[in-house]
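**Student:** Pasting a structure below so you can have a look.
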Amino acid sequence: MNSPGPAATYAGRRQASIKPTIVFVDDIAGNPKAEATRRTSADGTSISRKLIKSSGEKSWDEAVLRAIDKTGKLPRDVDGRVPSSL
């Protein structure tokens with residue numbers, strides 16, 4: 001039976017496509033983590049994105065959202081599809 005969600009390896013591939021586009025030059029303490037959701041079309045193009053959990057550092061949150069915007073198309077999953085919401 002096929003799983004309706006992305007493959008276990010997809011999160012890493014998705015992060016690998018977004019991380020290089022993060023541009024952040026501010027000096028902040030620690031390792032901030034922001035969580036965002038992104039809706040995509042069938043070909044992986046971004047339709048919308050939204051911050052769902054702030055890191056507590058506004059400048060980092062904004063850098064994450066900009067990186068999502070700059071990423072372009074997300075990679076396809078092992079089944080050839082791009083999940084519509086991540």
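Ordering of the structure tokens sets the chain letters (A, B, ...); residue numbers start at 1 within each chain; ligands are numbered from 1 in the order shown.
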If you count only C-alpha atoms, which residues fall within 12 Å of A:Thr9, apart from same-chain ones fewer than 6 positions away, as a ChimeraX atom specification?

**Tutor:** /A:15-16,75-79

**Student:** Identify all residues of chain A in strand (DSSP E) (DSSP on the backbone) and supply them as a PyMOL selection string.

**Tutor:** chain A and resi 35-40+46-53

**Student:** Name all residues at most 7 Å from A:Ser54 (count only C-alpha atoms; drop same-chain ones fewer than 4 positions away) and give them as number ranges by chain.

**Tutor:** A: 34-35, 61

**Student:** Counting only C-alpha atoms, what is within 9 Å of A:Asp43, bar same-chain residues fewer than 3 positions away, as an MDAnalysis selection string?

**Tutor:** chainID A and resid 40 73:76 81:82

**Student:** As an exercise, work out the distance from atom CA of A:Gly72 to atom CA of A:Thr21 in Å and give it to one decimal place.

**Tutor:**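 Those two atoms sit 10.0 Å apart.
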
**Student:** Apply DSSP to the backbone of this structure and, from stretch 7-78 of chain A, keep only the residues in helix (DSSP H, G or I); write these as a list in words.

**Tutor:**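 Those in stretch 7-78 of chain A that DSSP calls helix (DSSP H, G or I) are Tyr10, Ala11, Gly12, Arg13, Arg14, Gln15, Ala16, Ser17, Ile18, Lys19, Pro20, Thr21, Lys58, Ser59, Trp60, Asp61, Glu62, Ala63, Val64, Leu65, Arg66, Ala67, Ile68, Asp69, Lys70 and Thr71 of chain A.
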